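K.L.:
Sharing upload15.tsv below, TSV, C-alpha atoms:
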chain	number	residue	atom	x	y	z
A	1	MET	CA	96.14	9.45	125.84
A	2	ASN	CA	94.98	10.69	129.18
A	3	LEU	CA	91.24	11.33	129.15
A	4	ALA	CA	90.72	12.92	132.54
A	5	GLU	CA	93.63	15.33	132.62
A	6	VAL	CA	93.15	18.94	133.61
A	7	ALA	CA	96.14	20.93	132.48
A	8	GLY	CA	97.26	24.18	134.06
A	9	ASN	CA	95.61	26.19	136.79
A	10	VAL	CA	92.72	25.02	138.96
A	11	ALA	CA	91.15	28.45	138.33
A	12	THR	CA	90.26	27.16	134.86
A	13	ILE	CA	87.51	24.99	136.33
A	14	GLY	CA	87.01	27.22	139.37
A	15	TYR	CA	83.88	28.89	138.11
A	16	GLY	CA	82.21	25.55	137.48
A	17	LEU	CA	82.94	24.52	141.06
A	18	ALA	CA	81.93	27.93	142.41
A	19	ALA	CA	78.56	27.79	140.62
A	20	ILE	CA	77.39	24.60	142.38
A	21	GLY	CA	76.68	26.14	145.78
A	22	PRO	CA	74.99	29.35	144.61
A	23	GLY	CA	72.98	27.31	142.10
A	24	ILE	CA	71.50	25.19	144.90
A	25	GLY	CA	71.05	28.29	147.06
A	26	VAL	CA	69.20	30.31	144.43
A	27	GLY	CA	66.99	27.29	143.72
A	28	ILE	CA	66.02	26.94	147.37
A	29	VAL	CA	65.41	30.67	147.78
A	30	SER	CA	63.11	31.04	144.78
A	31	GLY	CA	61.38	27.72	145.43
A	32	LYS	CA	60.55	28.71	148.99
A	33	ALA	CA	59.44	32.17	147.85
A	34	CYS	CA	57.11	30.51	145.32
A	35	GLU	CA	55.65	28.36	148.09
A	36	ALA	CA	55.13	31.39	150.31
A	37	MET	CA	53.49	33.38	147.52
A	38	ALA	CA	51.11	30.51	146.83
A	39	ARG	CA	50.14	30.42	150.50
A	40	GLN	CA	49.75	34.17	150.89
A	41	PRO	CA	49.33	35.93	147.54
A	42	GLU	CA	48.58	39.24	149.28
A	43	LEU	CA	52.20	39.39	150.51
A	44	SER	CA	53.75	38.64	147.13
A	45	GLY	CA	55.26	42.13	146.66
A	46	GLN	CA	57.17	41.95	149.92
A	47	LEU	CA	58.12	38.33	149.30
A	48	ARG	CA	59.49	39.15	145.86
A	49	THR	CA	61.76	41.85	147.29
A	50	THR	CA	63.04	39.47	149.95
A	51	MET	CA	63.53	36.75	147.35
A	52	ILE	CA	65.61	39.04	145.12
A	53	LEU	CA	67.74	40.02	148.13
A	54	GLY	CA	68.33	36.37	149.01
A	55	ILE	CA	69.23	35.57	145.41
A	56	ALA	CA	71.64	38.53	145.31
A	57	PHE	CA	73.45	37.37	148.44
A	58	SER	CA	73.90	33.78	147.30
A	59	GLU	CA	74.71	34.81	143.74
A	60	ALA	CA	77.63	36.89	145.02
A	61	LEU	CA	79.57	33.66	145.69
A	62	GLY	CA	79.23	32.55	142.10
A	63	ILE	CA	80.32	35.97	140.86
A	64	LEU	CA	83.37	35.82	143.13
A	65	GLY	CA	84.26	32.53	141.45
A	66	LEU	CA	83.98	34.15	138.02
A	67	ILE	CA	86.14	37.12	138.98
A	68	ALA	CA	88.71	34.86	140.66
A	69	GLY	CA	88.96	32.89	137.44
A	70	PHE	CA	89.84	36.05	135.52
A	71	MET	CA	92.19	37.36	138.20
A	72	PHE	CA	94.18	34.22	138.98
A	73	GLY	CA	93.50	32.08	135.92
A	74	GLY	CA	96.20	33.69	133.82
A	75	THR	CA	96.68	32.07	130.46
A	76	ALA	CA	96.30	28.49	131.64
B	1	MET	CA	89.09	22.83	118.04
B	2	LEU	CA	87.26	25.12	115.64
B	3	ALA	CA	90.45	26.66	114.33
B	4	SER	CA	91.67	23.29	113.07
B	5	SER	CA	88.69	22.99	110.69
B	6	SER	CA	89.22	26.38	109.08
B	7	GLU	CA	90.13	26.39	105.42
B	8	GLY	CA	91.63	29.65	104.31
B	9	GLY	CA	89.84	31.87	106.84
B	10	SER	CA	91.58	33.45	109.79
B	11	ALA	CA	91.70	31.50	113.03
B	12	TYR	CA	88.87	31.84	115.52
B	13	HIS	CA	89.59	34.22	118.40
B	14	PRO	CA	87.51	33.49	121.48
B	15	PRO	CA	86.59	36.63	123.49
B	16	SER	CA	88.79	37.36	126.48
B	17	VAL	CA	89.28	40.00	129.15
B	18	ALA	CA	91.18	42.06	126.57
B	19	GLU	CA	87.69	42.89	125.26
B	20	PHE	CA	87.31	45.37	128.12
B	21	PHE	CA	90.61	47.15	127.54
B	22	PRO	CA	90.31	48.57	124.02
B	23	ASP	CA	92.79	50.96	122.45
B	24	VAL	CA	93.00	54.41	124.00
B	25	ILE	CA	91.52	57.12	121.80
B	26	LEU	CA	92.37	60.38	123.57
B	27	PHE	CA	94.84	61.58	126.19
B	28	ALA	CA	96.92	58.39	126.11
B	29	GLY	CA	99.37	58.05	128.97
B	30	THR	CA	97.56	60.44	131.31
B	31	PRO	CA	95.15	59.43	134.10
B	32	PHE	CA	92.37	60.84	131.91
B	33	ALA	CA	92.90	58.40	129.07
B	34	ILE	CA	89.65	57.92	127.17
B	35	ASP	CA	88.82	54.67	125.42
B	36	ARG	CA	85.60	53.07	124.21
B	37	VAL	CA	84.33	52.07	127.67
B	38	MET	CA	84.98	55.56	128.99
B	39	LEU	CA	83.23	57.16	126.01
B	40	VAL	CA	80.19	54.93	126.56
B	41	ARG	CA	80.06	55.97	130.21
B	42	LEU	CA	80.25	59.67	129.36
B	43	LEU	CA	77.67	59.32	126.60
B	44	MET	CA	75.19	57.46	128.79
B	45	THR	CA	75.63	59.99	131.61
B	46	VAL	CA	74.79	62.77	129.17
B	47	VAL	CA	71.82	60.76	127.82
B	48	VAL	CA	70.36	60.31	131.33
B	49	ALA	CA	70.85	63.99	132.17
B	50	VAL	CA	69.30	65.16	128.89
B	51	PHE	CA	66.40	62.73	129.20
B	52	PHE	CA	65.37	64.07	132.60
B	53	LEU	CA	66.04	67.68	131.63
B	54	VAL	CA	63.75	67.34	128.62
B	55	ALA	CA	61.12	65.32	130.45
B	56	MET	CA	60.96	67.65	133.46
B	57	ARG	CA	61.52	70.90	131.55
B	58	SER	CA	58.06	72.25	132.31
B	59	PRO	CA	56.30	69.63	134.44
B	60	LYS	CA	52.51	69.64	134.25
B	61	LEU	CA	50.15	68.45	136.94
B	62	VAL	CA	48.68	66.01	134.44
B	63	PRO	CA	51.78	64.51	132.79
B	64	ARG	CA	51.92	63.88	129.06
B	65	GLY	CA	54.38	62.19	126.73
B	66	VAL	CA	57.98	62.01	127.95
B	67	GLN	CA	57.11	63.39	131.36
B	68	ASN	CA	54.73	60.46	131.82
B	69	ALA	CA	57.50	57.95	131.15
B	70	ALA	CA	59.99	59.76	133.39
B	71	GLU	CA	57.48	59.94	136.24
B	72	TYR	CA	56.69	56.26	135.84
B	73	PHE	CA	60.37	55.33	136.28
B	74	LEU	CA	60.91	57.79	139.12
B	75	ASP	CA	57.82	56.43	140.86
B	76	PHE	CA	59.15	52.91	140.52
B	77	VAL	CA	62.34	53.79	142.44
B	78	ARG	CA	60.43	55.81	145.03
B	79	LYS	CA	57.71	53.25	145.72
B	80	HIS	CA	59.38	49.91	145.22
B	81	ILE	CA	62.85	50.66	146.53
B	82	ALA	CA	62.98	53.72	148.78
B	83	GLU	CA	59.62	53.57	150.55
B	84	ASP	CA	59.42	49.78	150.62
B	85	ILE	CA	62.74	49.39	152.41
B	86	LEU	CA	63.39	52.67	154.20
B	87	GLY	CA	59.88	53.79	155.01
B	88	ARG	CA	58.22	57.04	154.04
B	89	GLU	CA	60.32	59.55	155.99
B	90	GLN	CA	63.82	58.08	155.59
B	91	GLY	CA	62.96	57.03	152.06
B	92	LYS	CA	62.43	60.66	151.12
B	93	ARG	CA	65.77	61.58	152.68
B	94	PHE	CA	67.80	59.09	150.66
B	95	LEU	CA	65.69	59.19	147.50
B	96	PRO	CA	68.10	61.44	145.50
B	97	LEU	CA	70.98	59.02	146.06
B	98	LEU	CA	68.93	55.91	145.25
B	99	THR	CA	67.44	57.48	142.13
B	100	THR	CA	70.87	58.54	140.88
B	101	LEU	CA	72.31	55.08	141.54
B	102	PHE	CA	69.44	53.33	139.77
B	103	PHE	CA	69.38	55.44	136.64
B	104	LEU	CA	73.13	55.73	136.22
B	105	ILE	CA	73.63	51.98	136.60
B	106	PHE	CA	70.67	51.16	134.39
B	107	ALA	CA	71.83	53.50	131.61
B	108	CYS	CA	75.40	52.21	131.75
B	109	ASN	CA	74.15	48.60	131.72
B	110	VAL	CA	71.76	49.10	128.84
B	111	SER	CA	74.54	50.41	126.60
B	112	GLY	CA	75.67	46.78	126.41
B	113	ILE	CA	72.86	45.94	123.98
B	114	ILE	CA	72.52	49.26	122.16
B	115	PRO	CA	73.82	48.76	118.61
B	116	LEU	CA	77.07	50.60	117.82
B	117	LEU	CA	77.85	51.08	121.52
B	118	ASN	CA	77.75	47.37	122.41
B	119	MET	CA	79.69	47.77	125.61
B	120	PRO	CA	78.29	48.07	129.12
B	121	GLY	CA	79.88	51.03	130.89
B	122	THR	CA	79.80	48.99	134.11
B	123	ALA	CA	81.83	46.15	132.65
B	124	ARG	CA	85.11	47.56	133.94
B	125	VAL	CA	85.77	47.87	137.64
B	126	GLY	CA	85.98	51.67	137.83
B	127	LEU	CA	82.31	52.66	137.77
B	128	PRO	CA	80.96	49.85	140.00
B	129	MET	CA	83.76	50.51	142.49
B	130	VAL	CA	83.04	54.24	142.71
B	131	LEU	CA	79.32	53.58	143.21
B	132	ALA	CA	80.04	50.94	145.86
B	133	VAL	CA	82.38	53.34	147.69
B	134	VAL	CA	79.70	56.05	147.63
B	135	THR	CA	77.19	53.57	149.07
B	136	TYR	CA	79.72	52.47	151.71
B	137	ILE	CA	80.37	56.04	152.82
B	138	VAL	CA	76.66	56.88	152.90
B	139	PHE	CA	75.52	53.90	154.96
B	140	ASN	CA	78.34	54.31	157.47
B	141	TYR	CA	77.65	58.04	157.70
B	142	ALA	CA	73.92	57.45	158.15
B	143	GLY	CA	74.58	54.87	160.85
B	144	ILE	CA	77.08	57.01	162.75
B	145	LYS	CA	74.80	60.03	162.55
B	146	ALA	CA	71.71	58.11	163.69
B	147	GLN	CA	73.31	56.13	166.52
B	148	GLY	CA	76.62	57.80	167.33
B	149	PHE	CA	80.04	56.33	166.55
B	150	GLY	CA	80.43	54.08	169.60
B	151	PRO	CA	76.94	52.57	169.63
B	152	TYR	CA	77.03	52.08	165.84
B	153	LEU	CA	80.23	50.04	166.05
B	154	LYS	CA	78.97	48.18	169.12
B	155	ASN	CA	75.71	47.26	167.42
B	156	ASN	CA	77.51	46.04	164.34
B	157	LEU	CA	80.41	44.22	165.97
B	158	PHE	CA	78.79	43.03	169.21
B	159	PRO	CA	75.14	42.30	168.38
B	160	PRO	CA	73.20	41.93	171.65
B	161	GLY	CA	71.48	38.78	172.84
B	162	VAL	CA	74.39	36.39	172.39
B	163	PRO	CA	76.37	34.52	175.13
B	164	LYS	CA	79.71	36.26	175.80
B	165	PRO	CA	82.15	33.56	174.51
B	166	VAL	CA	80.44	33.54	171.11
B	167	TYR	CA	81.82	37.03	170.43
B	168	ILE	CA	85.29	35.54	169.87
B	169	LEU	CA	83.88	33.96	166.74
B	170	LEU	CA	81.12	36.41	165.93
B	171	THR	CA	82.97	39.74	166.04
B	172	PRO	CA	85.58	38.99	163.35
B	173	VAL	CA	82.86	37.55	161.11
B	174	GLU	CA	80.66	40.63	161.59
B	175	LEU	CA	83.60	42.96	161.01
B	176	LEU	CA	84.48	41.21	157.80
B	177	SER	CA	80.92	40.88	156.49
B	178	THR	CA	79.79	44.42	157.27
B	179	PHE	CA	82.84	46.51	156.51
B	180	VAL	CA	84.74	44.49	153.90
B	181	ILE	CA	82.48	42.01	152.13
B	182	ARG	CA	79.58	44.43	151.59
B	183	PRO	CA	81.34	46.95	149.33
B	184	VAL	CA	83.39	44.24	147.64
B	185	THR	CA	80.35	42.15	146.72
B	186	LEU	CA	78.44	45.26	145.60
B	187	THR	CA	81.28	45.97	143.18
B	188	PHE	CA	81.80	42.42	141.99
B	189	ARG	CA	78.11	41.57	141.59
B	190	LEU	CA	77.56	44.39	139.12
B	191	LEU	CA	80.94	44.00	137.42
B	192	GLY	CA	80.71	40.22	137.11
B	193	ASN	CA	77.18	40.20	135.74
B	194	MET	CA	77.87	42.82	133.11
B	195	MET	CA	81.25	41.39	132.15
B	196	SER	CA	79.98	37.83	131.76
B	197	GLY	CA	76.89	39.03	129.88
B	198	HIS	CA	79.02	40.93	127.40
B	199	LEU	CA	81.36	37.97	126.95
B	200	VAL	CA	78.43	35.64	126.25
B	201	LEU	CA	77.05	38.01	123.59
B	202	VAL	CA	80.47	38.43	121.98
B	203	LEU	CA	80.93	34.66	122.02
B	204	PHE	CA	77.65	33.94	120.23
B	205	PHE	CA	77.81	36.73	117.65
B	206	GLY	CA	81.54	36.25	117.06
B	207	ALA	CA	81.07	32.52	116.59
B	208	SER	CA	78.19	32.98	114.13
B	209	TRP	CA	80.18	35.53	112.13
B	210	TYR	CA	83.12	33.15	112.00
B	211	MET	CA	81.06	30.11	111.01
B	212	LEU	CA	78.91	31.90	108.43
B	213	PHE	CA	81.49	34.07	106.67
B	214	GLN	CA	85.03	33.12	107.65
B	215	ILE	CA	85.20	29.45	106.79
B	216	SER	CA	83.91	27.51	103.82
B	217	ASP	CA	82.89	24.42	105.77
B	218	LEU	CA	79.21	23.88	104.80
B	219	TRP	CA	78.52	21.67	107.81
B	220	LEU	CA	79.14	24.57	110.18
B	221	LYS	CA	76.68	26.97	108.51
B	222	PRO	CA	73.58	25.63	110.35
B	223	VAL	CA	75.52	25.86	113.60
B	224	GLY	CA	76.29	29.46	112.74
B	225	VAL	CA	72.57	30.20	112.23
B	226	LEU	CA	71.77	28.52	115.53
B	227	SER	CA	74.49	30.55	117.23
B	228	LEU	CA	73.05	33.76	115.76
B	229	ALA	CA	69.59	32.86	117.10
B	230	MET	CA	71.07	32.13	120.51
B	231	GLY	CA	72.77	35.52	120.37
B	232	PHE	CA	69.36	37.20	120.03
B	233	VAL	CA	67.88	35.05	122.80
B	234	PHE	CA	70.71	36.05	125.11
B	235	THR	CA	70.28	39.71	124.15
B	236	LEU	CA	66.75	39.46	125.56
B	237	PHE	CA	68.11	37.72	128.64
B	238	GLU	CA	70.70	40.48	129.00
B	239	MET	CA	67.93	43.11	129.03
B	240	LEU	CA	66.41	41.35	132.04
B	241	VAL	CA	69.78	41.06	133.78
B	242	GLN	CA	70.62	44.72	133.13
B	243	PHE	CA	67.40	45.92	134.72
B	244	LEU	CA	67.70	43.43	137.57
B	245	GLN	CA	71.28	44.41	138.41
B	246	ALA	CA	70.40	48.10	138.60
B	247	TYR	CA	67.43	47.17	140.81
B	248	ILE	CA	69.49	44.88	143.04
B	249	PHE	CA	72.32	47.39	143.52
B	250	THR	CA	69.86	50.12	144.54
B	251	LEU	CA	67.87	47.72	146.71
B	252	LEU	CA	71.00	46.56	148.54
B	253	ALA	CA	72.11	50.17	149.04
B	254	ALA	CA	68.71	50.88	150.61
B	255	VAL	CA	68.89	47.76	152.77
B	256	TYR	CA	72.39	48.64	154.02
B	257	ILE	CA	71.30	52.18	154.87
B	258	ASP	CA	68.21	50.85	156.64
B	259	GLY	CA	70.32	48.38	158.62
B	260	ALA	CA	72.67	51.17	159.68
B	261	LEU	CA	69.85	53.49	160.75
B	262	HIS	CA	68.22	51.09	163.18
B	263	ALA	CA	70.02	49.45	166.07
B	264	GLU	CA	69.44	45.73	166.40
B	265	HIS	CA	67.44	44.81	169.46
Produce structure tokens that represent the structure in this file.

P.N.:
Amino acid sequence: MNLAEVAGNVATIGYGLAAIGPGIGVGIVSGKACEAMARQPELSGQLRTTMILGIAFSEALGILGLIAGFMFGGTA
Amino acid sequence: MLASSSEGGSAYHPPSVAEFFPDVILFAGTPFAIDRVMLVRLLMTVVVAVFFLVAMRSPKLVPRGVQNAAEYFLDFVRKHIAEDILGREQGKRFLPLLTTLFFLIFACNVSGIIPLLNMPGTARVGLPMVLAVVTYIVFNYAGIKAQGFGPYLKNNLFPPGVPKPVYILLTPVELLSTFVIRPVTLTFRLLGNMMSGHLVLVLFFGASWYMLFQISDLWLKPVGVLSLAMGFVFTLFEMLVQFLQAYIFTLLAAVYIDGALHAEH
């Protein structure tokens, strides 16, 4: 028995791989936004908008991974 | 894995992309084929239109009831998206577009957790793509109108304040990111979020139905209850995601328009 065998297409595990980078990115973005809001609570509205934008941009990579899995994964 | 432990029940079918391509109900074979996703989209469009027609039928200076709710939502888009990003004057100019985008996307997202509908209208590429194309046309049009065709392209492709040789690398990247990646990611962000959210809900509720009623294995019943509870938890999470995706799409549309209106210095 082969324990570490991945059969079929690499797209099967693609989303897992694609989620690593955006995961780190979203963590950094919201962490830094938290820090900034703690320093200057009066700017928190503006900071929240910027934070959501940053999250949206880095999240797009993860979503691309998900879509690619459906598009190229086939039945593997 | 689960199917092997079934005794007498039908095999477990995990949800797949086929979920989003149900049987055609009307006009099969024509470009106007109507299936469940299409019906949900039409229904939610009508719901949004009727809601605002009823709420704003005879607006009072001091709002009451439904008008109050409608004004609260409209104010949210105006204050926190249009005026925050675009400023007072330009915000007013693009407010109709942003409001339409927000409410259409939100309504079509929310249908994913409404009982009996249970399918986000944005979970198939058509609607997100059309909205992204509209946004793409609008921000390019706004940029060309504000700056002129030549300067608009020059500002986007050759941003000032960079040493000349860097343009060899910078210009293709800017071309790709502004004119290709922007609409594509707008489409995929909305589509991917709604699609994955629906799949997660189907997975949890389908699994609990299978484990509670389809098989007679007593050991799997508690897992089925747990799965049902997780289904409800993720329904709440979906509500957050649905609102957030409508907000993000509209916010990004506003940001792109704002970026096109002002030349970089």

K.L.:
List every protein, DNA or RNA residue with an atom no more than 12 Å from (61.5, 61.2, 129.9) in the file's coordinates, counting only C-alpha atoms, and format the result as number ranges by chain.

P.N.:
B: 47-59, 63-74, 103

K.L.:
Taking only C-alpha atoms into account, what are the residues of chain A at most 9 Å from chain B, put as a count of residues only?

P.N.:
15

K.L.:
What is the CA of Leu226 (chain B)-CA of Met239 (chain B) distance in Å, reported with one decimal?

P.N.:
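Result for CA of Leu226 (chain B) versus CA of Met239 (chain B): 20.2 Å, one decimal.
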
K.L.:
Just want the 6 Å neighbourhood of Pro22 (chain A), counted on all atoms listed in the file, with same-chain residues fewer than 4 positions away dropped. Output as a PyMOL selection string.

P.N.:
chain A and resi 26+58-59+62

K.L.:
How would the residues just picked look written out with C-alpha atoms as a tab-separated table (two decimals), in the coordinates of the input?

P.N.:
chain	number	residue	atom	x	y	z
A	26	VAL	CA	69.20	30.31	144.43
A	58	SER	CA	73.90	33.78	147.30
A	59	GLU	CA	74.71	34.81	143.74
A	62	GLY	CA	79.23	32.55	142.10

K.L.:
Using only C-alpha atoms, can you tell me which of A:Ile13, A:Ala19, A:Met71, A:Met51 comes closest to Cys34 (chain A)?

P.N.:
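Answer, going by the shortest atom-to-atom distance: A:Met51.
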
K.L.:
Just give me the gap between CA of Pro165 (chain B) and CA of Val180 (chain B) in Å, one decimal is fine.

P.N.:
23.5 Å

K.L.:
Between CA of Ala82 (chain B) and CA of Arg48 (chain A), measure the distance and give it in Å to one decimal.

P.N.:
15.3 Å

K.L.:
May I have the residues within 12 Å of Tyr141 (chain B) as a PDB file with C-alpha atoms, in the coordinates of the input, using all atoms listed in the file and disregarding those fewer than 3 positions away in the same chain?

P.N.:
ATOM      1  CA  VAL B 134      79.700  56.050 147.630  1.00  0.00           C
ATOM      2  CA  THR B 135      77.190  53.570 149.070  1.00  0.00           C
ATOM      3  CA  TYR B 136      79.720  52.470 151.710  1.00  0.00           C
ATOM      4  CA  ILE B 137      80.370  56.040 152.820  1.00  0.00           C
ATOM      5  CA  VAL B 138      76.660  56.880 152.900  1.00  0.00           C
ATOM      6  CA  ILE B 144      77.080  57.010 162.750  1.00  0.00           C
ATOM      7  CA  LYS B 145      74.800  60.030 162.550  1.00  0.00           C
ATOM      8  CA  ALA B 146      71.710  58.110 163.690  1.00  0.00           C
ATOM      9  CA  GLN B 147      73.310  56.130 166.520  1.00  0.00           C
ATOM     10  CA  GLY B 148      76.620  57.800 167.330  1.00  0.00           C
ATOM     11  CA  PHE B 149      80.040  56.330 166.550  1.00  0.00           C
ATOM     12  CA  TYR B 152      77.030  52.080 165.840  1.00  0.00           C
ATOM     13  CA  LEU B 153      80.230  50.040 166.050  1.00  0.00           C
ATOM     14  CA  TYR B 256      72.390  48.640 154.020  1.00  0.00           C
ATOM     15  CA  ILE B 257      71.300  52.180 154.870  1.00  0.00           C
ATOM     16  CA  ASP B 258      68.210  50.850 156.640  1.00  0.00           C
ATOM     17  CA  ALA B 260      72.670  51.170 159.680  1.00  0.00           C
ATOM     18  CA  LEU B 261      69.850  53.490 160.750  1.00  0.00           C
TER      19      LEU B 261
END

K.L.:
When distances are computed from all atoms listed in the file, which of A:Gly65, A:Gly14, A:Gly21, A:Gly54 shows the smallest separation from Ala33 (chain A)?

P.N.:
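Among the listed residues, the smallest separation from Ala33 (chain A) belongs to A:Gly54.
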
K.L.:
Would you pick out the contacts of region 119-125 of chain B at 9 Å or less, using all atoms listed in the file, so that residues sharing its chain but fewer than 4 positions from it are not included, and give the list as number ranges by chain?

P.N.:
B: 20-21, 36-42, 44, 105, 107-114, 129-130, 187-188, 190-196, 198

K.L.:
Take the point (88.6, 34.1, 123.2) as written in the file and pick out every residue within 10 Å of it, counting only C-alpha atoms; give the list as a ChimeraX atom specification.

P.N.:
/B:12-19,199,202-203,206
